[in-house]
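work-v1.cif (mmCIF, C-alpha atoms and all ligand atoms) appears below.
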```
data_work
loop_
_atom_site.label_atom_id
_atom_site.label_comp_id
_atom_site.auth_asym_id
_atom_site.auth_seq_id
_atom_site.Cartn_x
_atom_site.Cartn_y
_atom_site.Cartn_z
CA MET U 167 5.04 -24.07 -22.90
CA ASN U 168 2.27 -24.53 -20.35
CA LEU U 169 1.58 -23.91 -16.69
CA GLN U 170 1.61 -26.90 -14.36
CA CYS U 171 0.52 -27.32 -10.75
CA ALA U 172 3.58 -27.97 -8.58
CA GLU U 173 1.50 -30.17 -6.27
CA CYS U 174 -0.77 -32.40 -8.41
CA GLY U 175 0.66 -31.93 -11.91
CA ALA U 176 -2.54 -30.55 -13.50
CA VAL U 177 -1.72 -28.64 -16.71
CA TYR U 178 -3.13 -25.22 -17.67
CA PRO U 179 -2.70 -23.06 -20.79
CA LEU U 180 -0.08 -20.33 -20.50
CA ASN U 181 -2.76 -17.61 -20.60
CA THR U 182 -4.99 -19.00 -17.84
CA ARG U 183 -6.51 -16.51 -15.41
CA ALA U 184 -6.17 -19.08 -12.61
CA TRP U 185 -3.42 -18.04 -10.18
CA VAL U 186 -3.40 -21.34 -8.27
CA CYS U 187 -4.43 -24.86 -9.26
CA GLU U 188 -8.23 -25.01 -9.48
CA THR U 189 -8.36 -28.53 -8.05
CA CYS U 190 -5.75 -28.53 -5.27
CA GLY U 191 -4.72 -24.89 -4.73
CA GLY U 192 -1.06 -25.58 -5.60
CA VAL U 193 1.30 -22.99 -7.09
CA LEU U 194 1.47 -22.92 -10.92
CA GLU U 195 4.88 -23.21 -12.62
CA ILE U 196 5.94 -22.69 -16.24
CA ILE U 197 6.93 -25.94 -17.99
CA GLY U 198 8.69 -26.37 -21.32
CA ALA U 199 10.59 -23.06 -21.05
CA PRO U 200 13.74 -22.70 -23.17
CA SER U 201 17.09 -23.32 -21.44
CA PHE U 202 19.71 -20.68 -20.65
CA ASP U 203 22.03 -20.35 -23.65
CA ALA U 204 25.03 -17.99 -23.32
CA ALA U 205 25.42 -17.90 -27.12
CA ARG U 206 21.96 -16.33 -27.44
CA ILE U 207 22.51 -13.39 -25.05
CA ALA U 208 21.88 -10.11 -26.92
CA ARG U 209 25.01 -8.46 -25.50
CA ALA U 210 24.32 -5.06 -27.08
CA ASP U 211 21.07 -4.76 -25.07
CA SER U 212 21.70 -2.98 -21.73
CA SER U 213 18.52 -4.26 -20.10
CA LEU U 214 17.40 -7.65 -18.84
CA TRP U 215 15.87 -8.21 -22.28
CA ARG U 216 19.34 -9.29 -23.38
CA TYR U 217 17.96 -12.69 -22.22
CA ARG U 218 14.81 -12.50 -24.39
CA ALA U 219 15.82 -15.57 -26.45
CA PHE U 220 15.22 -17.85 -23.45
CA MET U 221 12.58 -15.87 -21.55
CA PRO U 222 9.46 -18.04 -21.05
CA LEU U 223 7.07 -15.92 -23.12
CA PRO U 224 5.00 -16.57 -26.24
CA ALA U 225 7.17 -16.05 -29.33
CA GLN U 226 5.06 -13.11 -30.55
CA ALA U 227 5.19 -11.21 -27.24
CA PRO U 228 7.06 -7.91 -27.61
CA PRO U 229 8.90 -6.77 -24.46
CA ILE U 230 7.03 -4.15 -22.41
CA SER U 231 10.21 -2.49 -21.21
CA LEU U 232 11.21 0.71 -19.43
CA GLY U 233 14.87 -0.32 -19.72
CA GLU U 234 14.98 -2.35 -16.47
CA GLY U 235 17.78 -4.67 -15.42
CA TRP U 236 21.53 -4.71 -16.12
CA THR U 237 21.94 -2.75 -12.88
CA PRO U 238 25.44 -2.04 -11.54
CA LEU U 239 27.32 -4.62 -9.47
CA THR U 240 29.33 -2.26 -7.30
CA PRO U 241 32.24 -3.36 -5.07
CA ILE U 242 32.58 -1.56 -1.73
CA GLN U 243 35.09 -1.95 1.11
CA TYR U 244 32.91 -2.98 4.03
CA ASP U 245 34.76 -3.60 7.33
CA ASN U 246 38.00 -3.96 5.31
CA ARG U 247 36.42 -6.60 3.16
CA GLU U 248 35.40 -6.28 -0.50
CA ILE U 249 31.73 -7.08 -1.03
CA PHE U 250 29.65 -6.62 -4.14
CA CYS U 251 26.32 -4.79 -4.06
CA LYS U 252 23.76 -5.45 -6.79
CA LEU U 253 22.10 -2.05 -7.13
CA ASP U 254 18.62 -3.25 -8.02
CA PHE U 255 17.07 -0.16 -6.46
CA LEU U 256 18.19 1.64 -9.65
CA ASN U 257 15.43 0.05 -11.72
CA PRO U 258 12.84 2.42 -13.34
CA THR U 259 10.31 2.41 -10.47
CA GLY U 260 12.98 2.19 -7.77
CA SER U 261 12.99 -1.49 -6.91
CA PHE U 262 13.95 -4.99 -8.09
CA LYS U 263 10.24 -5.71 -8.64
CA ASP U 264 10.57 -4.20 -12.12
CA ARG U 265 12.34 -7.38 -13.22
CA GLY U 266 9.27 -9.48 -12.59
CA THR U 267 6.81 -6.81 -13.64
CA THR U 268 8.32 -6.27 -17.11
CA VAL U 269 8.00 -9.99 -17.90
CA LEU U 270 4.53 -10.27 -16.34
CA THR U 271 3.27 -7.18 -18.19
CA SER U 272 4.68 -8.47 -21.49
CA ALA U 273 2.77 -11.73 -20.96
CA VAL U 274 -0.45 -9.90 -20.05
CA LYS U 275 -0.28 -7.77 -23.23
CA ALA U 276 0.48 -10.80 -25.39
CA PHE U 277 -2.54 -12.63 -23.91
CA GLY U 278 -4.76 -9.64 -24.71
CA TYR U 279 -5.92 -8.78 -21.18
CA THR U 280 -6.67 -5.11 -20.56
CA ARG U 281 -7.06 -5.01 -16.77
CA VAL U 282 -4.71 -6.11 -14.00
CA ILE U 283 -5.32 -6.44 -10.26
CA GLU U 284 -2.66 -6.77 -7.57
CA ASP U 285 -2.32 -6.57 -3.81
CA SER U 286 0.83 -5.15 -2.31
CA SER U 287 1.89 -2.63 0.28
CA GLY U 288 4.58 -1.01 -1.78
CA ASN U 289 7.23 -1.78 -4.35
CA ALA U 290 5.42 -4.45 -6.34
CA ALA U 291 2.32 -2.26 -6.61
CA ALA U 292 4.39 0.74 -7.66
CA ALA U 293 6.09 -1.39 -10.31
CA LEU U 294 2.81 -2.73 -11.66
CA ALA U 295 1.24 0.75 -11.65
CA GLY U 296 4.20 2.15 -13.59
CA TYR U 297 4.30 -0.61 -16.19
CA ALA U 298 0.50 -0.56 -16.54
CA ALA U 299 0.69 3.17 -17.28
CA PHE U 300 3.42 2.55 -19.88
CA ALA U 301 1.50 -0.33 -21.47
CA ASN U 302 -1.94 1.31 -21.31
CA LEU U 303 -3.44 -1.29 -18.98
CA ARG U 304 -6.05 -0.53 -16.34
CA ALA U 305 -4.56 -1.33 -12.93
CA THR U 306 -6.31 -1.71 -9.58
CA ILE U 307 -4.16 -2.06 -6.49
CA PHE U 308 -5.43 -3.31 -3.11
CA THR U 309 -3.26 -2.10 -0.24
CA PRO U 310 -3.43 -2.23 3.53
CA ALA U 311 -4.80 1.12 4.75
CA HIS U 312 -1.64 1.61 6.83
CA ALA U 313 0.79 1.25 3.87
CA SER U 314 3.67 3.73 3.58
CA PRO U 315 2.39 7.13 2.29
CA MET U 316 5.37 7.65 -0.02
CA LYS U 317 4.71 4.37 -1.80
CA LEU U 318 0.97 5.08 -2.04
CA ALA U 319 1.75 8.47 -3.59
CA GLN U 320 3.95 6.78 -6.20
CA ILE U 321 1.22 4.25 -7.06
CA GLN U 322 -1.37 7.02 -7.50
CA ALA U 323 0.98 9.22 -9.53
CA TYR U 324 1.13 6.46 -12.14
CA GLY U 325 -2.67 6.59 -12.35
CA ALA U 326 -3.57 3.25 -10.80
CA GLU U 327 -6.84 2.85 -8.89
CA LEU U 328 -6.12 2.42 -5.21
CA GLU U 329 -8.36 0.40 -2.87
CA LYS U 330 -7.34 0.77 0.77
CA ILE U 331 -8.33 -2.22 2.89
CA GLU U 332 -8.46 -2.05 6.68
CA GLY U 333 -6.64 -4.60 8.80
CA VAL U 334 -3.66 -6.86 8.22
CA ARG U 335 -1.85 -7.36 4.89
CA GLU U 336 -3.74 -10.62 4.26
CA ASN U 337 -7.09 -8.75 4.03
CA ALA U 338 -5.84 -6.83 0.97
CA ALA U 339 -4.94 -10.11 -0.73
CA ALA U 340 -8.39 -11.55 -0.08
CA ALA U 341 -10.07 -8.41 -1.44
CA ALA U 342 -7.91 -8.47 -4.59
CA GLN U 343 -8.70 -12.13 -5.28
CA GLN U 344 -12.41 -11.44 -4.84
CA ALA U 345 -12.19 -8.56 -7.32
CA VAL U 346 -10.33 -10.72 -9.87
CA LYS U 347 -13.17 -13.26 -9.73
CA GLN U 348 -15.83 -10.59 -10.27
CA ALA U 349 -14.10 -8.52 -12.95
CA ASP U 350 -12.67 -9.87 -16.21
CA ALA U 351 -9.20 -9.11 -14.92
CA TYR U 352 -5.82 -10.81 -14.66
CA TYR U 353 -4.36 -11.31 -11.17
CA ALA U 354 -0.90 -9.79 -11.61
CA SER U 355 0.34 -11.08 -8.27
CA HIS U 356 4.04 -10.58 -7.54
CA TYR U 357 4.10 -13.74 -5.42
CA TYR U 358 1.74 -16.14 -7.27
CA ASN U 359 2.48 -15.24 -10.89
CA PRO U 360 5.06 -17.52 -12.59
CA PHE U 361 6.04 -14.92 -15.21
CA PHE U 362 6.96 -12.51 -12.43
CA LEU U 363 9.16 -15.18 -10.85
CA ALA U 364 10.78 -15.95 -14.21
CA GLY U 365 11.86 -12.31 -14.50
CA LEU U 366 13.68 -12.50 -11.17
CA GLN U 367 16.11 -15.14 -12.52
CA THR U 368 17.78 -12.42 -14.56
CA THR U 369 19.52 -10.99 -11.47
CA ALA U 370 21.62 -14.15 -11.18
CA TRP U 371 22.45 -14.11 -14.88
CA GLU U 372 23.62 -10.50 -14.71
CA ILE U 373 25.76 -11.16 -11.62
CA TRP U 374 27.39 -14.07 -13.44
CA GLU U 375 28.10 -11.94 -16.51
CA GLN U 376 29.37 -8.98 -14.45
CA LEU U 377 31.62 -11.02 -12.13
CA GLY U 378 32.69 -13.52 -14.77
CA ARG U 379 31.79 -16.26 -12.27
CA ALA U 380 29.19 -17.11 -9.63
CA PRO U 381 29.64 -15.64 -6.14
CA ASP U 382 30.23 -17.99 -3.20
CA ILE U 383 27.59 -16.33 -1.03
CA MET U 384 24.41 -14.52 -2.11
CA ILE U 385 22.43 -12.52 0.48
CA ALA U 386 18.92 -11.22 -0.20
CA PRO U 387 16.02 -9.89 1.89
CA ALA U 388 13.25 -12.51 2.07
CA GLY U 389 9.50 -11.98 2.58
CA HIS U 390 7.48 -14.37 0.40
CA GLY U 391 10.84 -15.67 -0.88
CA THR U 392 10.35 -14.71 -4.54
CA ASN U 393 13.71 -12.91 -4.86
CA LEU U 394 15.50 -15.86 -3.24
CA VAL U 395 13.75 -18.45 -5.43
CA GLY U 396 14.33 -16.33 -8.56
CA LEU U 397 18.05 -15.96 -7.79
CA TYR U 398 18.36 -19.67 -7.04
CA ARG U 399 16.65 -20.67 -10.28
CA GLY U 400 18.85 -18.29 -12.24
CA PHE U 401 22.03 -19.80 -10.78
CA ARG U 402 20.62 -23.32 -11.20
CA ALA U 403 20.03 -22.60 -14.91
CA LEU U 404 23.69 -21.54 -15.20
CA ARG U 405 24.83 -24.71 -13.45
CA ASP U 406 22.61 -26.87 -15.65
CA ALA U 407 24.14 -25.16 -18.71
CA GLY U 408 27.60 -26.13 -17.40
CA LEU U 409 28.62 -22.49 -16.91
CA ILE U 410 29.16 -22.59 -13.12
CA ALA U 411 30.24 -25.50 -10.91
CA LYS U 412 27.88 -24.83 -8.03
CA ILE U 413 25.05 -22.63 -6.85
CA PRO U 414 26.08 -19.94 -4.30
CA ARG U 415 25.21 -20.39 -0.62
CA MET U 416 21.86 -18.62 -0.46
CA VAL U 417 21.29 -16.48 2.64
CA ALA U 418 17.81 -15.14 3.46
CA ALA U 419 17.63 -11.92 5.47
CA GLN U 420 14.54 -11.30 7.61
CA SER U 421 13.30 -8.84 10.21
CA ALA U 422 13.29 -10.41 13.67
CA VAL U 423 9.76 -9.03 14.12
CA VAL U 424 8.42 -11.25 11.30
CA ALA U 425 10.86 -14.12 10.85
CA PRO U 426 9.07 -17.33 9.81
CA LEU U 427 12.03 -18.50 7.69
CA ALA U 428 14.79 -17.65 10.17
CA LEU U 429 12.90 -19.38 13.00
CA ALA U 430 12.25 -22.47 10.88
CA TYR U 431 15.89 -22.57 9.78
CA ALA U 432 17.11 -22.38 13.39
CA ARG U 433 14.76 -25.22 14.37
CA GLY U 434 15.61 -27.39 11.37
CA ALA U 435 11.98 -27.29 10.19
CA ALA U 436 10.86 -27.82 6.58
CA ALA U 437 7.91 -25.43 6.83
CA PRO U 438 7.95 -21.73 7.80
CA ALA U 439 7.35 -21.11 11.52
CA ARG U 440 3.93 -19.85 12.57
CA VAL U 441 4.26 -16.17 13.44
CA GLU U 442 1.76 -13.37 13.99
CA PRO U 443 1.47 -10.58 11.40
CA ALA U 444 3.35 -7.56 12.77
CA LYS U 445 4.77 -4.19 11.78
CA THR U 446 8.48 -3.78 11.06
CA ILE U 447 10.51 -1.03 9.40
CA ALA U 448 11.41 -3.71 6.86
CA GLU U 449 7.86 -3.43 5.50
CA GLY U 450 8.68 -5.10 2.17
CA ILE U 451 9.39 -8.45 3.86
CA ALA U 452 6.71 -8.41 6.58
CA ASN U 453 5.12 -11.66 5.37
CA SER U 454 3.95 -13.93 8.18
CA GLN U 455 2.93 -16.71 5.75
CA PRO U 456 5.54 -16.78 2.95
CA LEU U 457 4.11 -18.36 -0.19
CA HIS U 458 7.53 -19.68 -1.24
CA GLY U 459 8.52 -20.53 2.34
CA ARG U 460 9.06 -24.27 1.92
CA ALA U 461 10.89 -23.75 -1.38
CA SER U 462 13.09 -21.11 0.27
CA LEU U 463 14.03 -23.36 3.20
CA ARG U 464 14.76 -26.22 0.78
CA LEU U 465 17.09 -24.18 -1.42
CA ILE U 466 18.84 -22.61 1.59
CA ARG U 467 19.69 -26.07 2.97
CA GLU U 468 20.59 -27.50 -0.44
CA THR U 469 23.16 -24.75 -1.02
CA GLY U 470 24.56 -24.67 2.54
CA GLY U 471 23.15 -21.20 3.13
CA ALA U 472 21.20 -19.77 6.06
CA ALA U 473 18.12 -17.78 7.07
CA LEU U 474 18.88 -15.12 9.68
CA ALA U 475 16.95 -12.27 11.26
CA ALA U 476 18.03 -8.77 12.30
CA SER U 477 16.46 -6.52 14.92
CA GLU U 478 14.93 -3.14 14.10
CA ASP U 479 17.97 -1.38 15.60
CA GLU U 480 20.37 -3.55 13.62
CA ILE U 481 18.47 -2.77 10.40
CA ARG U 482 18.54 0.98 11.11
CA ALA U 483 22.26 0.87 11.89
CA ALA U 484 23.01 -1.11 8.73
CA ARG U 485 21.04 1.37 6.62
CA SER U 486 23.08 4.28 8.01
CA LYS U 487 26.38 2.43 7.68
CA LEU U 488 25.69 1.49 4.05
CA ALA U 489 24.73 5.10 3.29
CA ARG U 490 28.22 6.11 4.47
CA HIS U 491 29.50 3.97 1.62
CA GLY U 492 27.37 6.01 -0.82
CA LEU U 493 24.47 3.58 -1.12
CA TYR U 494 21.06 4.74 0.14
CA VAL U 495 18.48 1.97 0.40
CA GLU U 496 15.16 1.43 2.15
CA PRO U 497 15.11 -0.44 5.50
CA THR U 498 13.90 -3.67 3.84
CA SER U 499 17.09 -3.77 1.75
CA ALA U 500 19.29 -2.81 4.69
CA THR U 501 18.16 -6.03 6.38
CA ALA U 502 20.50 -7.88 4.01
CA ILE U 503 23.41 -5.72 5.20
CA ALA U 504 22.45 -6.31 8.85
CA VAL U 505 22.59 -10.05 8.16
CA LEU U 506 25.91 -9.66 6.31
CA GLU U 507 27.27 -8.22 9.58
CA LYS U 508 26.28 -11.44 11.35
CA ILE U 509 28.06 -13.80 8.94
CA ILE U 510 31.01 -11.84 7.55
CA ALA U 511 33.43 -12.94 10.30
CA SER U 512 32.69 -16.61 9.60
CA THR U 513 33.40 -16.35 5.87
CA HIS U 514 36.80 -16.77 4.21
CA ALA U 515 38.49 -13.66 2.77
CA SER U 516 38.75 -15.35 -0.63
CA GLU U 517 34.99 -15.92 -0.82
CA THR U 518 32.97 -13.60 -3.04
CA ILE U 519 29.87 -12.12 -1.37
CA VAL U 520 27.06 -10.42 -3.29
CA VAL U 521 24.24 -8.53 -1.54
CA SER U 522 20.95 -7.80 -3.36
CA LEU U 523 19.93 -4.19 -2.63
CA THR U 524 16.27 -4.26 -3.58
CA GLY U 525 14.64 -0.88 -2.94
CA SER U 526 15.57 2.81 -3.07
CA GLY U 527 16.15 4.81 0.10
CA LEU U 528 14.01 7.57 -1.44
CA LYS U 529 10.91 5.40 -0.88
CA ALA U 530 11.10 5.48 2.90
CA LEU U 531 11.88 7.92 5.70
ZN ZN O 1 -3.00 -29.03 -8.34
#
```

Before anything else, please render the file you have as structure tokens.
Amino acid sequence: MNLQCAECGAVYPLNTRAWVCETCGGVLEIIGAPSFDAARIARADSSLWRYRAFMPLPAQAPPISLGEGWTPLTPIQYDNREIFCKLDFLNPTGSFKDRGTTVLTSAVKAFGYTRVIEDSSGNAAAALAGYAAFANLRATIFTPAHASPMKLAQIQAYGAELEKIEGVRENAAAAAQQAVKQADAYYASHYYNPFFLAGLQTTAWEIWEQLGRAPDIMIAPAGHGTNLVGLYRGFRALRDAGLIAKIPRMVAAQSAVVAPLALAYARGAAAPARVEPAKTIAEGIANSQPLHGRASLRLIRETGGAALAASEDEIRAARSKLARHGLYVEPTSATAIAVLEKIIASTHASETIVVSLTGSGLKAL
């Protein structure tokens, strides 16, 4: 296995500290990873490490695991229609980000790095801080100064160093990248790092195992698009293994306040729309320049899906309505339910819909 630039094809060793191609700035992807093989699932393992046999990690890398993954796929009756909710907010640090973080942290330990740096306003930072504490890694997190106090408290409780950066979200990213260059640290970015993305494929594999088939429609909140791309790659691996006939229609859910994918989708554009950074209650997807934006738009069109945005009021209403079904999620996750409301009438009753519920309601007021 190696890393390869998705733009120019330059090849890097698996343990490189580069987070983008050093010549062209392209995103780095893992090449030569093992294929999905249903016969090699460790079915007695009730975590996502049941897929260890084909996880793209060095052979000698032991899993750094808090027991993440294999979350419930719970059916609820929503507007007299059965839909399935993937309860990824039940992961150890309270969000789906643990899927990527467990794989990333396992790679970091196998490579022998002792310090990780990340920029995030919430769930990804909390996940990294938690796994770094478990794995005895030094973690430094750069956050926007205005980040949600409950998430900052969680990050600090795990013992991570917190650097608050004034201004928009993008300033924290720039400060983190500067720090990575100066310190002998690994940039454990939840949107650049290919090991993180590899961990997010496991959601699709679990849904397939739990349903006994692929859903027809898959709805997920989308900021940088990592969850969407991870789900898509997971289902694509199942299709390539001959286990499902087609990839579900992938639906991206965005906040109307920051909706570069939904706007681009409506206009038929290949690139995310240019939007200003702004505040939304769906803070986990407030990305004005989604790193996986083009890839997200491509996979949405390829699968016959959609990218749709919900207003702040619609997100709040969806959060309350879902809670009345017994599921309490943060506003970012409720965006997927708000988008479900927009499409449910146009779907056929026989179609299976799965919604990815990404973050716990306990993380936000
Ligand atoms: Zn390149």

Which residues form the shell of 10 Å around ligand ZN 1 (chain O) when you count only C-alpha atoms and all ligand atoms, given as an MDAnalysis selection string? chainID U and resid 170:177 186:194

Could you please give me, as a VMD selection string, the residues of protein, DNA or RNA lying at most 10 Å from (15.0, -14.2, -4.5) in the coordinate frame of the file, considering all atoms listed in the file? chain U and resid 262 363 366 to 367 369 to 370 384 to 400 416 to 418 458 462 522

Do you have the atom CA of U:Asp285-atom CA of U:Ala319 distance handy? 15.6 Å

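As for atom CA of U:Ala511 and atom CA of U:Pro238, they are spaced 25.7 Å apart.
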
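Those residues positioned at most 9 Å from (0.3, 0.9, 5.6) are Ser287, Gly288, Thr309, Pro310, Ala311, His312, Ala313, Ser314, Pro315, Leu318, Arg335 and Glu449 of chain U, judged using all atoms listed in the file.
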
For U:Ala301, which residue among U:Leu404, U:Leu232, U:Val346, U:Ala436 is the nearest when counting all atoms listed in the file? U:Leu232

Between atom CA of U:Ala293 and atom CA of U:Glu195, what distance in Å does the model show, to one decimal? 22.0 Å

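Minimum distance to U:Asn337 across U:Phe308, U:Tyr358, U:Tyr279, U:Tyr353 (counting all atoms listed in the file) occurs at U:Phe308.
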
Starting from 5 Å padding per side, set up an axis-aligned box that covers all listed atoms of stretch 243-252 of chain U and hand over centre and edge lengths in Å, one decimal, as lines of an AutoDock Vina configuration file.
```
center_x = 30.9
center_y = -4.5
center_z = 0.3
size_x = 24.2
size_y = 15.1
size_z = 24.1
```
